Amino acid sequence: MSVQTKQVDFGKRSGLRVCPVSMGAMRFPAEELAIPLIRQAIDAGMIYIDTSRGYGNSETILAKALKDGYREKVILSTKWCPWNIKVQPDDDTSAQCAYKRLLESMERLDVDYLDFYQIWSINNFEQYQQATCKGGMLDGIRRAKDEGLIGHIGFTTHDTPDNIRRYIDQADWCEAILFSHNVLNPTYKEIIARTHEKGIATLVMNPLAGGFLAEESPVLQRVVSDALGIDDVVQAAHRYLAGDDNIDTILCGINKPSDITSTIDNYSKPPLTAQQRKDLEEAMAEISSKGLGFCSGCKYCMPCPEGIDIPAMMNIVYLERLLHMSDRAGATYRRLVKADNSPARCTQCGQCEQKCTQHLKIIEELAYLLKKFS
Ligand code: SF4
Ligand code: SF4
């Protein structure tokens, strides 16, 4: 079994240490498979666990997986905010509501202490103010910290680098930030460096650009081969992140044992040098310069009132327009349409575009698919 032997500081502020690959707990397989899988991941060094009140039954599955001494081995983090998920219709950004949701997460995880609690998705300045003003979410989370219920506080974000810079310059309470970052979309590279310099732990999610970099595409293989002389795109994407000393750890989703071993194997290989990272970024820019933006698969646009699986549709757009995998794109499109998931149902209500973290032109792309494949 692949095991991580290296540990690094998880930001100077927290005083904790992590391995380069951590556990993203957004999606697990069925409980009977998930419990041994989670334990395998922890045994392999994936000791930081990122879950959320909004990740379905992730917290309750983790509660069971972390019995038998596993809780003591991990740095457990969960998160919530009312603009991503309302548990009750009147949920708000008050300290009382945040405190209540935090206690509920502890109950769901069946723990009496959480190592980290994150404000989930600060995506603009208004949300930052709502979360951190007097009597806001942060005060509720601080209360829990004062009571010894949690150890550290952080936030996750899809905001602009300029806004994040403003936040970290004043947020002395913040000990970790989770960024969406990968070689295809390295927008946060500089702000990650600044965050690291401040002693705040830097976590990276979405290392494979919503699965885009895992596609077996001749276009991607050529780009990586030209830059590095190898044709393993996933390996290149991981070694690109591994070469950035400003990133403390990346989150790896686990659905099967090979997700754990292959990612750790990639991180055991030599990280890309600064020059190789630059070459790969430039080569990838050839793809991102097509100007479509990239769906991270975050699902903040969901649910669509018409039942359209928007991330799946966006993935088809990329398969067809960027990777030139038309057969695969067409087959996936027909399968989704057969399952009553046609873009023809779009009423152009605009809800999804308002919530999209990557500001994608979803309505336009759905119309493109409809025209192309109908
Ligand atoms: S604009 Fe279309 S795809 Fe987006 S939420 Fe509305 S109906 Fe769904
Ligand atoms: S369309 Fe936007 S909000 Fe929806 S999954 Fe993709 S990036 Fe996330």
# chains A, B, ... in the order shown; residues from 1 in each chain; ligands from 1
>>> closest_atom_pairs(of="chain A", to="ligand 2", cutoff="8 Å", atoms="only C-alpha atoms and all ligand atoms", output="Markdown table")
| residue | atom | partner | partner_atom_place_in_ligand_line | distance |
| --- | --- | --- | --- | --- |
| A:Phe294 | CA | ligand 2 | 7 (S) | 6.6 |
| A:Cys295 | CA | ligand 2 | 6 (Fe) | 3.7 |
| A:Ser296 | CA | ligand 2 | 7 (S) | 4.4 |
| A:Gly297 | CA | ligand 2 | 5 (S) | 3.8 |
| A:Cys298 | CA | ligand 2 | 8 (Fe) | 4.0 |
| A:Lys299 | CA | ligand 2 | 5 (S) | 3.7 |
| A:Tyr300 | CA | ligand 2 | 3 (S) | 4.3 |
| A:Cys301 | CA | ligand 2 | 3 (S) | 4.1 |
| A:Met302 | CA | ligand 2 | 4 (Fe) | 6.6 |
| A:Ile310 | CA | ligand 2 | 1 (S) | 6.0 |
| A:Pro311 | CA | ligand 2 | 5 (S) | 4.6 |
| A:Met314 | CA | ligand 2 | 1 (S) | 6.5 |
| A:Cys352 | CA | ligand 2 | 3 (S) | 6.9 |
| A:Glu353 | CA | ligand 2 | 2 (Fe) | 7.3 |
| A:Lys355 | CA | ligand 2 | 3 (S) | 6.0 |
| A:Cys356 | CA | ligand 2 | 3 (S) | 3.5 |
| A:Thr357 | CA | ligand 2 | 3 (S) | 5.0 |
| A:Gln358 | CA | ligand 2 | 7 (S) | 4.9 |
| A:His359 | CA | ligand 2 | 2 (Fe) | 6.5 |
| A:Leu360 | CA | ligand 2 | 2 (Fe) | 6.0 |
| A:Ile362 | CA | ligand 2 | 1 (S) | 6.5 |
>>> residues_near_ligand(ligand="ligand 1", cutoff="9 Å", atoms="only C-alpha atoms and all ligand atoms", output="list of chain:residue names")
A:Cys301, A:Met302, A:Pro303, A:Cys304, A:Pro305, A:Glu306, A:Gly307, A:Ile308, A:Asp309, A:Ile310, A:Pro343, A:Ala344, A:Arg345, A:Cys346, A:Thr347, A:Gln348, A:Cys349, A:Gly350, A:Gln351, A:Cys352, A:Glu353, A:Gln354, A:Ile362, A:Ile363, A:Leu366
>>> write_last_selection(atoms="N, CA and C atoms", output="CSV table (one decimal), in the first residue's frame")
chain,number,residue,atom,x,y,z
A,301,CYS,N,-24.3,25.6,-8.4
A,301,CYS,CA,-25.3,26.0,-9.3
A,301,CYS,C,-26.6,25.1,-9.2
A,302,MET,N,-26.5,24.0,-8.5
A,302,MET,CA,-27.6,23.1,-8.4
A,302,MET,C,-28.4,23.3,-7.1
A,303,PRO,N,-29.7,22.9,-7.0
A,303,PRO,CA,-30.3,22.2,-8.1
A,303,PRO,C,-30.9,23.2,-9.1
A,304,CYS,N,-31.0,22.7,-10.4
A,304,CYS,CA,-31.7,23.4,-11.4
A,304,CYS,C,-33.2,23.1,-11.3
A,305,PRO,N,-34.1,24.2,-11.3
A,305,PRO,CA,-35.5,23.9,-11.1
A,305,PRO,C,-36.1,23.0,-12.2
A,306,GLU,N,-35.4,22.9,-13.3
A,306,GLU,CA,-35.9,22.0,-14.4
A,306,GLU,C,-35.2,20.6,-14.4
A,307,GLY,N,-34.4,20.4,-13.4
A,307,GLY,CA,-33.8,19.1,-13.2
A,307,GLY,C,-32.6,18.8,-14.1
A,308,ILE,N,-32.0,19.8,-14.7
A,308,ILE,CA,-30.8,19.6,-15.6
A,308,ILE,C,-29.6,19.4,-14.7
A,309,ASP,N,-28.8,18.4,-15.1
A,309,ASP,CA,-27.5,18.2,-14.4
A,309,ASP,C,-26.5,19.1,-15.0
A,310,ILE,N,-26.4,20.3,-14.5
A,310,ILE,CA,-25.5,21.3,-15.1
A,310,ILE,C,-24.1,21.0,-15.2
A,343,PRO,N,-31.1,19.7,-22.2
A,343,PRO,CA,-30.9,21.2,-22.0
A,343,PRO,C,-32.1,21.9,-22.6
A,344,ALA,N,-32.9,21.2,-23.4
A,344,ALA,CA,-34.1,21.8,-24.0
A,344,ALA,C,-35.1,22.3,-22.9
A,345,ARG,N,-34.9,21.7,-21.7
A,345,ARG,CA,-35.8,22.1,-20.6
A,345,ARG,C,-35.4,23.4,-20.0
A,346,CYS,N,-34.3,24.0,-20.3
A,346,CYS,CA,-33.8,25.2,-19.7
A,346,CYS,C,-34.8,26.4,-20.0
A,347,THR,N,-35.2,27.0,-19.0
A,347,THR,CA,-36.1,28.2,-19.2
A,347,THR,C,-35.4,29.5,-19.1
A,348,GLN,N,-34.0,29.4,-19.0
A,348,GLN,CA,-33.2,30.6,-19.0
A,348,GLN,C,-33.5,31.5,-17.7
A,349,CYS,N,-33.8,30.8,-16.7
A,349,CYS,CA,-34.2,31.6,-15.4
A,349,CYS,C,-33.0,32.3,-14.9
A,350,GLY,N,-31.8,31.8,-15.2
A,350,GLY,CA,-30.6,32.5,-14.7
A,350,GLY,C,-30.1,32.2,-13.3
A,351,GLN,N,-30.8,31.4,-12.6
A,351,GLN,CA,-30.4,31.0,-11.2
A,351,GLN,C,-29.0,30.4,-11.1
A,352,CYS,N,-28.8,29.5,-12.1
A,352,CYS,CA,-27.5,28.8,-12.0
A,352,CYS,C,-26.3,29.8,-12.3
A,353,GLU,N,-26.5,30.7,-13.2
A,353,GLU,CA,-25.4,31.6,-13.5
A,353,GLU,C,-25.1,32.6,-12.4
A,354,GLN,N,-26.2,32.9,-11.6
A,354,GLN,CA,-26.0,33.8,-10.5
A,354,GLN,C,-25.1,33.1,-9.4
A,362,ILE,N,-23.5,29.5,-18.6
A,362,ILE,CA,-24.2,28.2,-18.6
A,362,ILE,C,-25.3,28.1,-19.7
A,363,ILE,N,-26.1,29.2,-19.7
A,363,ILE,CA,-27.3,29.2,-20.6
A,363,ILE,C,-26.8,29.1,-22.1
A,366,LEU,N,-25.6,25.5,-22.8
A,366,LEU,CA,-26.6,24.6,-23.0
A,366,LEU,C,-27.3,24.7,-24.3
>>> closest_residue(among="A:Tyr55, A:Phe212, A:Tyr267, A:Trp173", to="Ile316 (chain A)", atoms="only C-alpha atoms")
A:Phe212
>>> closest_residue(among="A:Tyr188, A:Tyr318, A:Tyr99, A:Tyr368", to="Ile141 (chain A)", atoms="only C-alpha atoms")
A:Tyr99
>>> closest_atom_pairs(of="region 7-50 of chain A", to="region 259-264 of chain A", cutoff="10 Å", atoms="only C-alpha atoms", output="CSV")
residue,atom,partner,partner_atom,distance
A:Cys19,CA,A:Ile264,CA,9.9
A:Pro20,CA,A:Ile264,CA,8.5
A:Val21,CA,A:Ile264,CA,6.7
A:Ser22,CA,A:Ile260,CA,9.6
A:Met23,CA,A:Ile260,CA,9.0
A:Leu37,CA,A:Ile260,CA,8.8
A:Ile38,CA,A:Ile260,CA,9.6
A:Gln40,CA,A:Ile260,CA,8.3
A:Ala41,CA,A:Ile260,CA,6.3
A:Ile42,CA,A:Ile260,CA,9.8
A:Ala44,CA,A:Ile260,CA,7.9
A:Gly45,CA,A:Ile264,CA,9.1
A:Met46,CA,A:Ile260,CA,8.6
>>> write_last_selection(atoms="N, CA and C atoms", output="PDB file, in the first residue's frame")
ATOM      1  N   CYS A  19       0.241  15.602   5.841  1.00  0.00           N
ATOM      2  CA  CYS A  19       0.917  15.000   4.691  1.00  0.00           C
ATOM      3  C   CYS A  19       0.464  15.736   3.427  1.00  0.00           C
ATOM      4  N   PRO A  20       1.191  15.584   2.328  1.00  0.00           N
ATOM      5  CA  PRO A  20       0.837  16.332   1.107  1.00  0.00           C
ATOM      6  C   PRO A  20      -0.545  16.001   0.552  1.00  0.00           C
ATOM      7  N   VAL A  21      -1.028  14.779   0.771  1.00  0.00           N
ATOM      8  CA  VAL A  21      -2.347  14.412   0.251  1.00  0.00           C
ATOM      9  C   VAL A  21      -3.320  14.192   1.414  1.00  0.00           C
ATOM     10  N   SER A  22      -4.432  14.929   1.368  1.00  0.00           N
ATOM     11  CA  SER A  22      -5.448  14.833   2.421  1.00  0.00           C
ATOM     12  C   SER A  22      -6.750  14.312   1.838  1.00  0.00           C
ATOM     13  N   MET A  23      -7.739  14.137   2.714  1.00  0.00           N
ATOM     14  CA  MET A  23      -8.991  13.508   2.284  1.00  0.00           C
ATOM     15  C   MET A  23     -10.113  14.531   2.076  1.00  0.00           C
ATOM     16  N   LEU A  37     -12.607   2.078   3.415  1.00  0.00           N
ATOM     17  CA  LEU A  37     -11.859   2.963   2.506  1.00  0.00           C
ATOM     18  C   LEU A  37     -11.297   4.166   3.273  1.00  0.00           C
ATOM     19  N   ILE A  38     -12.116   4.749   4.120  1.00  0.00           N
ATOM     20  CA  ILE A  38     -11.670   5.915   4.917  1.00  0.00           C
ATOM     21  C   ILE A  38     -10.500   5.499   5.819  1.00  0.00           C
ATOM     22  N   GLN A  40      -8.439   3.048   5.311  1.00  0.00           N
ATOM     23  CA  GLN A  40      -7.255   2.809   4.455  1.00  0.00           C
ATOM     24  C   GLN A  40      -6.571   4.139   4.146  1.00  0.00           C
ATOM     25  N   ALA A  41      -7.381   5.149   3.848  1.00  0.00           N
ATOM     26  CA  ALA A  41      -6.818   6.473   3.517  1.00  0.00           C
ATOM     27  C   ALA A  41      -6.070   7.061   4.712  1.00  0.00           C
ATOM     28  N   ILE A  42      -6.651   6.935   5.883  1.00  0.00           N
ATOM     29  CA  ILE A  42      -5.992   7.475   7.095  1.00  0.00           C
ATOM     30  C   ILE A  42      -4.676   6.724   7.341  1.00  0.00           C
ATOM     31  N   ALA A  44      -2.866   5.518   5.214  1.00  0.00           N
ATOM     32  CA  ALA A  44      -1.898   5.930   4.177  1.00  0.00           C
ATOM     33  C   ALA A  44      -1.417   7.370   4.392  1.00  0.00           C
ATOM     34  N   GLY A  45      -1.885   8.007   5.463  1.00  0.00           N
ATOM     35  CA  GLY A  45      -1.382   9.361   5.775  1.00  0.00           C
ATOM     36  C   GLY A  45      -2.334  10.486   5.402  1.00  0.00           C
ATOM     37  N   MET A  46      -3.528  10.151   4.926  1.00  0.00           N
ATOM     38  CA  MET A  46      -4.493  11.219   4.590  1.00  0.00           C
ATOM     39  C   MET A  46      -5.203  11.620   5.875  1.00  0.00           C
TER      40      MET A  46
END
>>> residues_around(residues="region 234-246 of chain A", least_positions_apart="3", cutoff="7 Å", atoms="only C-alpha atoms", output="list in words")
Val183, Ile192, Ala193, His196, Leu208, Leu213, Ala214, Asn266, Tyr267, Pro271, Leu272, Thr273 and Arg277 of chain A
>>> closest_residue(among="A:His152, A:Arg335, A:Arg39, A:Arg143", to="Lys79 (chain A)", atoms="only C-alpha atoms")
A:His152
>>> residues_around(residues="region 104-107 of chain A", least_positions_apart="4", cutoff="8 Å", atoms="only C-alpha atoms", output="CSV table (one decimal) with N, CA and C atoms, in the first residue's frame")
chain,number,residue,atom,x,y,z
A,53,ARG,N,-21.4,20.0,6.5
A,53,ARG,CA,-22.8,19.7,6.8
A,53,ARG,C,-23.6,19.5,5.5
A,59,GLU,N,-20.8,13.3,7.0
A,59,GLU,CA,-20.5,13.4,8.4
A,59,GLU,C,-20.9,12.2,9.2
A,78,THR,N,-14.9,20.4,9.5
A,78,THR,CA,-16.2,20.5,8.8
A,78,THR,C,-16.5,21.9,8.6
A,100,LYS,N,-25.2,26.9,16.5
A,100,LYS,CA,-26.1,25.7,16.5
A,100,LYS,C,-25.7,24.7,15.4
A,111,VAL,N,-18.4,13.5,17.8
A,111,VAL,CA,-17.1,13.9,18.4
A,111,VAL,C,-17.4,15.0,19.5
A,112,ASP,N,-16.5,15.1,20.4
A,112,ASP,CA,-16.7,16.2,21.4
A,112,ASP,C,-15.7,17.3,21.1
A,113,TYR,N,-14.9,17.2,20.0
A,113,TYR,CA,-13.9,18.2,19.7
A,113,TYR,C,-13.7,18.2,18.1
A,114,LEU,N,-13.7,19.3,17.5
A,114,LEU,CA,-13.4,19.4,16.1
A,114,LEU,C,-12.0,20.2,16.0
>>> select_by_dssp(residues="region 126-253 of chain A", states="helix (DSSP H, G or I)", output="number ranges by chain")
A: 126-132, 137-146, 161-170, 189-197, 212-214, 218-228, 233-242
>>> closest_residue(among="A:Ile47, A:Ile200, A:Cys97, A:Ile75", to="Cys174 (chain A)", atoms="only C-alpha atoms")
A:Ile200
>>> residues_around(residues="Ile35 (chain A)", least_positions_apart="6", cutoff="8 Å", atoms="only C-alpha atoms", output="PDB file with N, CA and C atoms, in the first residue's frame")
ATOM      1  N   ILE A  61     -21.237   9.083   8.027  1.00  0.00           N
ATOM      2  CA  ILE A  61     -20.363   7.953   7.653  1.00  0.00           C
ATOM      3  C   ILE A  61     -19.015   8.092   8.366  1.00  0.00           C
ATOM      4  N   LEU A  62     -18.505   9.316   8.386  1.00  0.00           N
ATOM      5  CA  LEU A  62     -17.226   9.546   9.073  1.00  0.00           C
ATOM      6  C   LEU A  62     -17.333   9.189  10.558  1.00  0.00           C
ATOM      7  N   LYS A  64     -18.850   6.854  11.924  1.00  0.00           N
ATOM      8  CA  LYS A  64     -18.629   5.406  12.104  1.00  0.00           C
ATOM      9  C   LYS A  64     -17.189   5.018  11.755  1.00  0.00           C
ATOM     10  N   ALA A  65     -16.666   5.619  10.695  1.00  0.00           N
ATOM     11  CA  ALA A  65     -15.300   5.263  10.273  1.00  0.00           C
ATOM     12  C   ALA A  65     -14.256   5.675  11.307  1.00  0.00           C
TER      13      ALA A  65
END
>>> select_by_dssp(residues="region 74-115 of chain A", states="strand (DSSP E or B)", output="short mmCIF file (atom, residue, chain, number, x, y, z; two decimals) with N, CA and C atoms, in the first residue's frame")
data_model
loop_
_atom_site.label_atom_id
_atom_site.label_comp_id
_atom_site.auth_asym_id
_atom_site.auth_seq_id
_atom_site.Cartn_x
_atom_site.Cartn_y
_atom_site.Cartn_z
N ILE A 75 -6.95 15.05 11.68
CA ILE A 75 -7.31 16.46 11.87
C ILE A 75 -8.66 16.61 11.18
N LEU A 76 -9.70 16.74 11.98
CA LEU A 76 -11.06 16.68 11.45
C LEU A 76 -11.61 18.10 11.27
N SER A 77 -12.09 18.36 10.06
CA SER A 77 -12.61 19.70 9.75
C SER A 77 -13.97 19.58 9.07
N THR A 78 -14.91 20.41 9.52
CA THR A 78 -16.17 20.48 8.80
C THR A 78 -16.55 21.94 8.59
N LYS A 79 -17.64 22.17 7.87
CA LYS A 79 -17.96 23.56 7.51
C LYS A 79 -19.43 23.70 7.18
N TRP A 80 -19.88 24.91 7.21
CA TRP A 80 -21.28 25.22 6.86
C TRP A 80 -21.39 26.71 6.58
N SER A 94 -26.14 34.64 11.44
CA SER A 94 -25.95 35.07 12.83
C SER A 94 -25.03 34.12 13.58
N LEU A 114 -13.69 19.35 17.53
CA LEU A 114 -13.36 19.45 16.11
C LEU A 114 -12.04 20.20 15.98
N ASP A 115 -11.14 19.66 15.19
CA ASP A 115 -9.84 20.34 15.05
C ASP A 115 -10.01 21.66 14.30
#
>>> residues_around(residues="Ser225 (chain A)", least_positions_apart="5", cutoff="12 Å", atoms="only C-alpha atoms", output="list in words")
Pro218, Val219, Leu220, Ile230, Asp231, Asp232, Val233, Gln235, Ala236, Gln276, Asp279, Leu280, Ala283 and Met284 of chain A
>>> write_last_selection(atoms="C-alpha atoms", output="short mmCIF file (atom, residue, chain, number, x, y, z; two decimals), in the first residue's frame")
data_model
loop_
_atom_site.label_atom_id
_atom_site.label_comp_id
_atom_site.auth_asym_id
_atom_site.auth_seq_id
_atom_site.Cartn_x
_atom_site.Cartn_y
_atom_site.Cartn_z
CA PRO A 218 -5.12 13.26 -27.19
CA VAL A 219 -5.17 17.04 -26.87
CA LEU A 220 -4.20 16.97 -23.19
CA ILE A 230 5.47 12.26 -20.50
CA ASP A 231 1.89 11.47 -21.49
CA ASP A 232 0.34 10.90 -18.05
CA VAL A 233 -1.76 14.02 -17.59
CA GLN A 235 0.56 12.55 -12.89
CA ALA A 236 1.68 15.86 -14.43
CA GLN A 276 8.80 22.57 -15.68
CA ASP A 279 6.39 25.24 -19.17
CA LEU A 280 3.34 23.20 -18.25
CA ALA A 283 1.25 24.71 -22.52
CA MET A 284 -2.06 24.39 -20.67
#
>>> closest_residue(among="A:Asn124, A:Ser2, A:Thr249, A:Asn182", to="Arg166 (chain A)", atoms="only C-alpha atoms")
A:Asn124
>>> atom_distance(atom1="CA of Leu322 (chain A)", atom2="CA of Val204 (chain A)")
24.1 Å
>>> residues_around(residues="Phe28 (chain A)", least_positions_apart="6", cutoff="8 Å", atoms="only C-alpha atoms", output="compact mmCIF listing (two decimals) with N, CA and C atoms, in the first residue's frame")
# COMPACT_ATOMS: atom_id res chain seq x y z
N ALA A 34 -17.40 2.51 2.28
CA ALA A 34 -16.74 3.77 2.68
C ALA A 34 -15.93 3.62 3.96
N SER A 58 -21.97 12.43 4.53
CA SER A 58 -20.53 12.33 4.78
C SER A 58 -20.21 12.37 6.29
N ILE A 254 -12.14 10.27 -2.38
CA ILE A 254 -11.88 8.83 -2.38
C ILE A 254 -13.19 8.07 -2.64
N ASN A 255 -13.18 7.32 -3.72
CA ASN A 255 -14.33 6.48 -4.06
C ASN A 255 -13.96 5.02 -4.13
>>> closest_residue(among="A:Gly151, A:Gly11, A:Lys371, A:Cys252", to="Thr195 (chain A)", atoms="only C-alpha atoms")
A:Gly11
>>> atom_distance(atom1="CA of Met26 (chain A)", atom2="CA of Thr51 (chain A)")
6.2 Å
>>> atom_distance(atom1="CA of Pro207 (chain A)", atom2="CA of Tyr117 (chain A)")
22.1 Å
